[in-house]
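Undergrad: Pasting a structure here, questions to come.
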Amino acid sequence: MRSESLDFIQIPYNLADRAVEARVLPAAADTGTAVLVMRPFEEGALFRRVKGKPLPAWAADLDCTSWAQLFLKYILAEPAVTAVIPATADPAHMADDLKAGFGRLPDAQQRQKIRQLWDSL
């Protein structure tokens with residue numbers, strides 16, 4: 001990215017796969033490259049990991065009513081991210097995913113809290 005002029009990149013990024021946080025996202029921010037995020041749910045793996053676990057009460061502080069919204073807001077709050085592509089064929093899932101675009105986004109401390117929660121599961 002630093003040696004080529006790119007308009008945008010599309011990358012996998014989610015709580016289970018955060019490798020891009022170290023170099024790719026900072027480089028995109030530095031170069032003004034738009035970032036499209038694919039696989040925000042790691043093809044369902046994130047949901048399998050939280051199956052049967054209640055959403056933490058503090059998720060309401062971020063206007064989240066589902067795990068999907070919390071996962072998406074974590075990504076949307078990353079300053080380098082331009083858009084997220086959740087990819088679903090289920091209209092109910094799409095309606096729930098869209099709610100992540102409303103309300104409060106996590107700040108840096110809240111994003112750290114989400115990471116710690118994920119790592120503890």
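Following the order of the structure tokens, first chain is A, next is B, and so on, with residues numbered from 1 inside each chain and ligands from 1 in the order they appear.
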Please, which residues in region 46-80 of chain A fall within 9 Å of region 14-35 of chain A when counting only C-alpha atoms, and what is the closest atom pair and distance in Å to one decimal for each, ordered by chain then residue number, as JSON lines?

TA:
{"residue": "A:Leu46", "atom": "CA", "partner": "A:Ala16", "partner_atom": "CA", "distance": 7.2}
{"residue": "A:Phe71", "atom": "CA", "partner": "A:Leu15", "partner_atom": "CA", "distance": 7.2}
{"residue": "A:Leu72", "atom": "CA", "partner": "A:Asn14", "partner_atom": "CA", "distance": 8.3}
{"residue": "A:Tyr74", "atom": "CA", "partner": "A:Leu15", "partner_atom": "CA", "distance": 8.0}
{"residue": "A:Ile75", "atom": "CA", "partner": "A:Asn14", "partner_atom": "CA", "distance": 6.8}
{"residue": "A:Glu78", "atom": "CA", "partner": "A:Leu25", "partner_atom": "CA", "distance": 8.6}
{"residue": "A:Pro79", "atom": "CA", "partner": "A:Ala29", "partner_atom": "CA", "distance": 7.6}
{"residue": "A:Ala80", "atom": "CA", "partner": "A:Ala29", "partner_atom": "CA", "distance": 5.1}

Undergrad: Would you list the contacts of Arg49 (chain A) as a PyMOL selection string, taking every protein, DNA or RNA residue within 12 Å and counting only C-alpha atoms, but skipping same-chain residues closer than 3 positions in sequence?

TA: chain A and resi 15-16+41-46+52-54+67+117-121

Undergrad: May I have the residues from that selection written out with N, CA and C atoms, as a PDB file, in the first residue's frame?

TA:
ATOM      1  N   LEU A  15     -13.040 -10.397  15.217  1.00  0.00           N
ATOM      2  CA  LEU A  15     -12.435 -10.605  16.539  1.00  0.00           C
ATOM      3  C   LEU A  15     -11.546 -11.839  16.602  1.00  0.00           C
ATOM      4  N   ALA A  16     -11.820 -12.830  15.786  1.00  0.00           N
ATOM      5  CA  ALA A  16     -10.994 -14.045  15.777  1.00  0.00           C
ATOM      6  C   ALA A  16      -9.764 -13.893  14.892  1.00  0.00           C
ATOM      7  N   PHE A  41     -17.829 -12.203  10.488  1.00  0.00           N
ATOM      8  CA  PHE A  41     -18.271 -13.229  11.437  1.00  0.00           C
ATOM      9  C   PHE A  41     -17.468 -14.524  11.280  1.00  0.00           C
ATOM     10  N   GLU A  42     -16.373 -14.455  10.498  1.00  0.00           N
ATOM     11  CA  GLU A  42     -15.507 -15.621  10.257  1.00  0.00           C
ATOM     12  C   GLU A  42     -16.355 -16.826   9.841  1.00  0.00           C
ATOM     13  N   GLU A  43     -17.233 -16.552   8.851  1.00  0.00           N
ATOM     14  CA  GLU A  43     -18.096 -17.593   8.282  1.00  0.00           C
ATOM     15  C   GLU A  43     -18.891 -18.342   9.354  1.00  0.00           C
ATOM     16  N   GLY A  44     -19.345 -17.594  10.353  1.00  0.00           N
ATOM     17  CA  GLY A  44     -20.180 -18.162  11.410  1.00  0.00           C
ATOM     18  C   GLY A  44     -19.429 -18.648  12.634  1.00  0.00           C
ATOM     19  N   ALA A  45     -18.104 -18.690  12.569  1.00  0.00           N
ATOM     20  CA  ALA A  45     -17.311 -19.201  13.696  1.00  0.00           C
ATOM     21  C   ALA A  45     -17.497 -18.354  14.958  1.00  0.00           C
ATOM     22  N   LEU A  46     -17.677 -17.043  14.788  1.00  0.00           N
ATOM     23  CA  LEU A  46     -17.872 -16.194  15.965  1.00  0.00           C
ATOM     24  C   LEU A  46     -19.160 -16.559  16.687  1.00  0.00           C
ATOM     25  N   GLY A  52     -25.172 -19.894  23.131  1.00  0.00           N
ATOM     26  CA  GLY A  52     -25.628 -20.172  24.487  1.00  0.00           C
ATOM     27  C   GLY A  52     -25.108 -19.210  25.535  1.00  0.00           C
ATOM     28  N   LYS A  53     -24.248 -18.278  25.120  1.00  0.00           N
ATOM     29  CA  LYS A  53     -23.708 -17.292  26.064  1.00  0.00           C
ATOM     30  C   LYS A  53     -24.507 -15.994  25.948  1.00  0.00           C
ATOM     31  N   PRO A  54     -24.895 -15.434  27.079  1.00  0.00           N
ATOM     32  CA  PRO A  54     -25.657 -14.179  27.011  1.00  0.00           C
ATOM     33  C   PRO A  54     -24.769 -13.011  26.586  1.00  0.00           C
ATOM     34  N   TRP A  67     -25.238 -10.343  19.488  1.00  0.00           N
ATOM     35  CA  TRP A  67     -23.805 -10.562  19.288  1.00  0.00           C
ATOM     36  C   TRP A  67     -23.370 -10.007  17.930  1.00  0.00           C
ATOM     37  N   LEU A 117     -13.108  -9.629  26.297  1.00  0.00           N
ATOM     38  CA  LEU A 117     -14.238 -10.549  26.409  1.00  0.00           C
ATOM     39  C   LEU A 117     -14.055 -11.700  25.417  1.00  0.00           C
ATOM     40  N   TRP A 118     -13.761 -11.357  24.167  1.00  0.00           N
ATOM     41  CA  TRP A 118     -13.596 -12.383  23.139  1.00  0.00           C
ATOM     42  C   TRP A 118     -12.477 -13.353  23.508  1.00  0.00           C
ATOM     43  N   ASP A 119     -11.365 -12.817  23.948  1.00  0.00           N
ATOM     44  CA  ASP A 119     -10.215 -13.666  24.285  1.00  0.00           C
ATOM     45  C   ASP A 119     -10.492 -14.562  25.491  1.00  0.00           C
ATOM     46  N   SER A 120     -11.449 -14.181  26.323  1.00  0.00           N
ATOM     47  CA  SER A 120     -11.768 -14.969  27.520  1.00  0.00           C
ATOM     48  C   SER A 120     -12.801 -16.071  27.236  1.00  0.00           C
ATOM     49  N   LEU A 121     -13.438 -16.019  26.087  1.00  0.00           N
ATOM     50  CA  LEU A 121     -14.472 -17.011  25.772  1.00  0.00           C
ATOM     51  C   LEU A 121     -13.876 -18.360  25.405  1.00  0.00           C
TER      52      LEU A 121
END

Undergrad: Pull the helix (DSSP H, G or I) assignments for region 2-57 of chain A out of DSSP run on the backbone, and list those residues as an MDAnalysis selection string.

TA: chainID A and resid 19:21 24:31 42:50 57

Undergrad: Could you save those same residues with all heavy atoms as a compact mmCIF listing (two decimals), in the first residue's frame?

TA:
# COMPACT_ATOMS: atom_id res chain seq x y z
N ALA A 19 -5.14 -9.97 12.88
CA ALA A 19 -3.75 -9.75 12.43
C ALA A 19 -3.57 -8.44 11.68
O ALA A 19 -2.51 -7.81 11.78
CB ALA A 19 -3.30 -10.93 11.56
N VAL A 20 -4.58 -7.98 10.97
CA VAL A 20 -4.47 -6.75 10.18
C VAL A 20 -4.36 -5.50 11.04
O VAL A 20 -3.98 -4.43 10.54
CB VAL A 20 -5.64 -6.60 9.19
CG1 VAL A 20 -5.63 -7.73 8.17
CG2 VAL A 20 -6.96 -6.52 9.91
N GLU A 21 -4.66 -5.61 12.33
CA GLU A 21 -4.59 -4.43 13.21
C GLU A 21 -3.15 -3.92 13.37
O GLU A 21 -2.96 -2.73 13.59
CB GLU A 21 -5.18 -4.76 14.58
CG GLU A 21 -6.68 -4.94 14.56
CD GLU A 21 -7.27 -5.29 15.91
OE1 GLU A 21 -6.54 -5.76 16.81
OE2 GLU A 21 -8.49 -5.12 16.07
N VAL A 24 -1.65 -3.60 8.51
CA VAL A 24 -2.49 -3.28 7.36
C VAL A 24 -3.40 -2.08 7.63
O VAL A 24 -3.44 -1.14 6.83
CB VAL A 24 -3.31 -4.51 6.91
CG1 VAL A 24 -4.27 -4.14 5.79
CG2 VAL A 24 -2.38 -5.64 6.48
N LEU A 25 -4.11 -2.10 8.73
CA LEU A 25 -5.02 -0.99 9.03
C LEU A 25 -4.28 0.32 9.24
O LEU A 25 -4.70 1.36 8.70
CB LEU A 25 -5.92 -1.33 10.21
CG LEU A 25 -6.93 -2.47 9.94
CD1 LEU A 25 -7.69 -2.82 11.20
CD2 LEU A 25 -7.88 -2.09 8.81
N PRO A 26 -3.17 0.34 9.98
CA PRO A 26 -2.41 1.61 10.09
C PRO A 26 -1.90 2.10 8.73
O PRO A 26 -1.94 3.31 8.46
CB PRO A 26 -1.25 1.26 11.02
CG PRO A 26 -1.76 0.12 11.85
CD PRO A 26 -2.63 -0.67 10.90
N ALA A 27 -1.46 1.19 7.87
CA ALA A 27 -0.97 1.60 6.55
C ALA A 27 -2.11 2.17 5.72
O ALA A 27 -1.93 3.17 5.01
CB ALA A 27 -0.33 0.42 5.83
N ALA A 28 -3.28 1.56 5.79
CA ALA A 28 -4.43 2.08 5.05
C ALA A 28 -4.80 3.48 5.55
O ALA A 28 -5.08 4.37 4.75
CB ALA A 28 -5.62 1.13 5.20
N ALA A 29 -4.78 3.66 6.84
CA ALA A 29 -5.08 4.98 7.41
C ALA A 29 -4.05 6.01 6.95
O ALA A 29 -4.41 7.13 6.57
CB ALA A 29 -5.14 4.90 8.93
N ASP A 30 -2.79 5.63 6.97
CA ASP A 30 -1.72 6.56 6.58
C ASP A 30 -1.80 6.96 5.11
O ASP A 30 -1.44 8.09 4.75
CB ASP A 30 -0.35 5.94 6.85
CG ASP A 30 -0.01 5.85 8.32
OD1 ASP A 30 -0.74 6.45 9.15
OD2 ASP A 30 0.96 5.14 8.65
N THR A 31 -2.23 6.03 4.26
CA THR A 31 -2.24 6.29 2.82
C THR A 31 -3.60 6.72 2.30
O THR A 31 -3.75 7.00 1.10
CB THR A 31 -1.79 5.03 2.05
OG1 THR A 31 -2.68 3.95 2.36
CG2 THR A 31 -0.35 4.66 2.39
N GLU A 42 -16.37 -14.46 10.50
CA GLU A 42 -15.51 -15.62 10.26
C GLU A 42 -16.36 -16.83 9.84
O GLU A 42 -16.25 -17.92 10.38
CB GLU A 42 -14.65 -15.93 11.48
CG GLU A 42 -13.54 -16.93 11.27
CD GLU A 42 -12.46 -16.48 10.31
OE1 GLU A 42 -12.23 -15.27 10.17
OE2 GLU A 42 -11.84 -17.35 9.69
N GLU A 43 -17.23 -16.55 8.85
CA GLU A 43 -18.10 -17.59 8.28
C GLU A 43 -18.89 -18.34 9.35
O GLU A 43 -19.06 -19.55 9.30
CB GLU A 43 -17.28 -18.53 7.40
CG GLU A 43 -16.66 -17.78 6.23
CD GLU A 43 -15.74 -18.60 5.36
OE1 GLU A 43 -15.49 -19.77 5.68
OE2 GLU A 43 -15.28 -18.05 4.36
N GLY A 44 -19.35 -17.59 10.35
CA GLY A 44 -20.18 -18.16 11.41
C GLY A 44 -19.43 -18.65 12.63
O GLY A 44 -20.03 -18.97 13.65
N ALA A 45 -18.10 -18.69 12.57
CA ALA A 45 -17.31 -19.20 13.70
C ALA A 45 -17.50 -18.35 14.96
O ALA A 45 -17.49 -18.89 16.07
CB ALA A 45 -15.83 -19.27 13.33
N LEU A 46 -17.68 -17.04 14.79
CA LEU A 46 -17.87 -16.19 15.96
C LEU A 46 -19.16 -16.56 16.69
O LEU A 46 -19.20 -16.62 17.92
CB LEU A 46 -17.87 -14.72 15.57
CG LEU A 46 -16.49 -14.05 15.49
CD1 LEU A 46 -15.64 -14.58 14.37
CD2 LEU A 46 -16.64 -12.55 15.38
N PHE A 47 -20.20 -16.83 15.92
CA PHE A 47 -21.48 -17.19 16.54
C PHE A 47 -21.41 -18.56 17.22
O PHE A 47 -22.01 -18.75 18.28
CB PHE A 47 -22.61 -17.18 15.50
CG PHE A 47 -22.85 -15.82 14.94
CD1 PHE A 47 -22.66 -15.58 13.59
CD2 PHE A 47 -23.26 -14.76 15.74
CE1 PHE A 47 -22.88 -14.32 13.06
CE2 PHE A 47 -23.48 -13.51 15.23
CZ PHE A 47 -23.28 -13.28 13.87
N ARG A 48 -20.69 -19.48 16.62
CA ARG A 48 -20.54 -20.80 17.25
C ARG A 48 -19.82 -20.67 18.60
O ARG A 48 -20.14 -21.36 19.55
CB ARG A 48 -19.80 -21.76 16.32
CG ARG A 48 -20.66 -22.18 15.12
CD ARG A 48 -20.02 -23.28 14.28
NE ARG A 48 -18.84 -22.85 13.55
CZ ARG A 48 -18.86 -22.21 12.38
NH1 ARG A 48 -20.02 -21.90 11.81
NH2 ARG A 48 -17.74 -21.90 11.77
N ARG A 49 -18.89 -19.75 18.68
CA ARG A 49 -18.13 -19.57 19.92
C ARG A 49 -18.97 -18.96 21.05
O ARG A 49 -18.73 -19.23 22.22
CB ARG A 49 -16.90 -18.71 19.66
CG ARG A 49 -15.94 -18.64 20.81
CD ARG A 49 -14.59 -18.24 20.31
NE ARG A 49 -13.70 -17.86 21.38
CZ ARG A 49 -12.46 -17.47 21.19
NH1 ARG A 49 -11.95 -17.43 19.99
NH2 ARG A 49 -11.70 -17.13 22.20
N VAL A 50 -19.95 -18.13 20.70
CA VAL A 50 -20.78 -17.49 21.73
C VAL A 50 -22.13 -18.17 21.91
O VAL A 50 -22.95 -17.71 22.71
CB VAL A 50 -20.98 -15.98 21.45
CG1 VAL A 50 -19.64 -15.26 21.46
CG2 VAL A 50 -21.73 -15.75 20.15
N ALA A 57 -24.15 -7.42 29.69
CA ALA A 57 -25.06 -6.30 29.98
C ALA A 57 -24.50 -4.97 29.47
O ALA A 57 -25.26 -4.10 29.01
CB ALA A 57 -25.34 -6.23 31.48

Undergrad: Compile the contact shell of Asp63 (chain A) as a PyMOL selection string: residues with an atom at most 7 Å away, counting only C-alpha atoms, same-chain residues fewer than 4 positions apart removed.

TA: chain A and resi 59+103-104

Undergrad: Report, in Å to a single decimal, how far apart CA of Pro56 (chain A) and CA of Pro12 (chain A) are.

TA: 25.1 Å

Undergrad: Nearest residue to Met94 (chain A) out of A:Ala68, A:Val81, A:Gln116, A:Gln110, using only C-alpha atoms?

TA: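 Looking at the shortest contact to Met94 (chain A), the residue is A:Ala68.
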
Undergrad: Please compute the CA of Ser3 (chain A)-CA of Thr82 (chain A) distance, one decimal, in Å.

TA: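 Separation between CA of Ser3 (chain A) and CA of Thr82 (chain A): 20.8 Å.
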
Undergrad: From region 27-64 of chain A, collect each residue whose DSSP state is strand (DSSP E or B) and return the set as a ChimeraX atom specification.

TA: /A:34-38

Undergrad: A:Ala77, A:Val37, A:Leu70, A:Ile114: which is nearest Asp96 (chain A), counting only C-alpha atoms?

TA: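 That would be A:Leu70, the residue with the smallest distance to Asp96 (chain A).
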
Undergrad: From the set A:Lys73, A:Lys51, A:Ala60, A:Ser5, which residue has the shortest atom-to-atom contact distance to Pro106 (chain A), counting only C-alpha atoms?

TA: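 Closest to Pro106 (chain A), using only C-alpha atoms: A:Lys73.
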
Undergrad: Counting only C-alpha atoms, figure out which residue out of A:Leu76, A:Ile11, A:Ala95, A:Ala83 gets nearest to Asp107 (chain A).

TA: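 Counting only C-alpha atoms, the residue closest to Asp107 (chain A) is A:Leu76.
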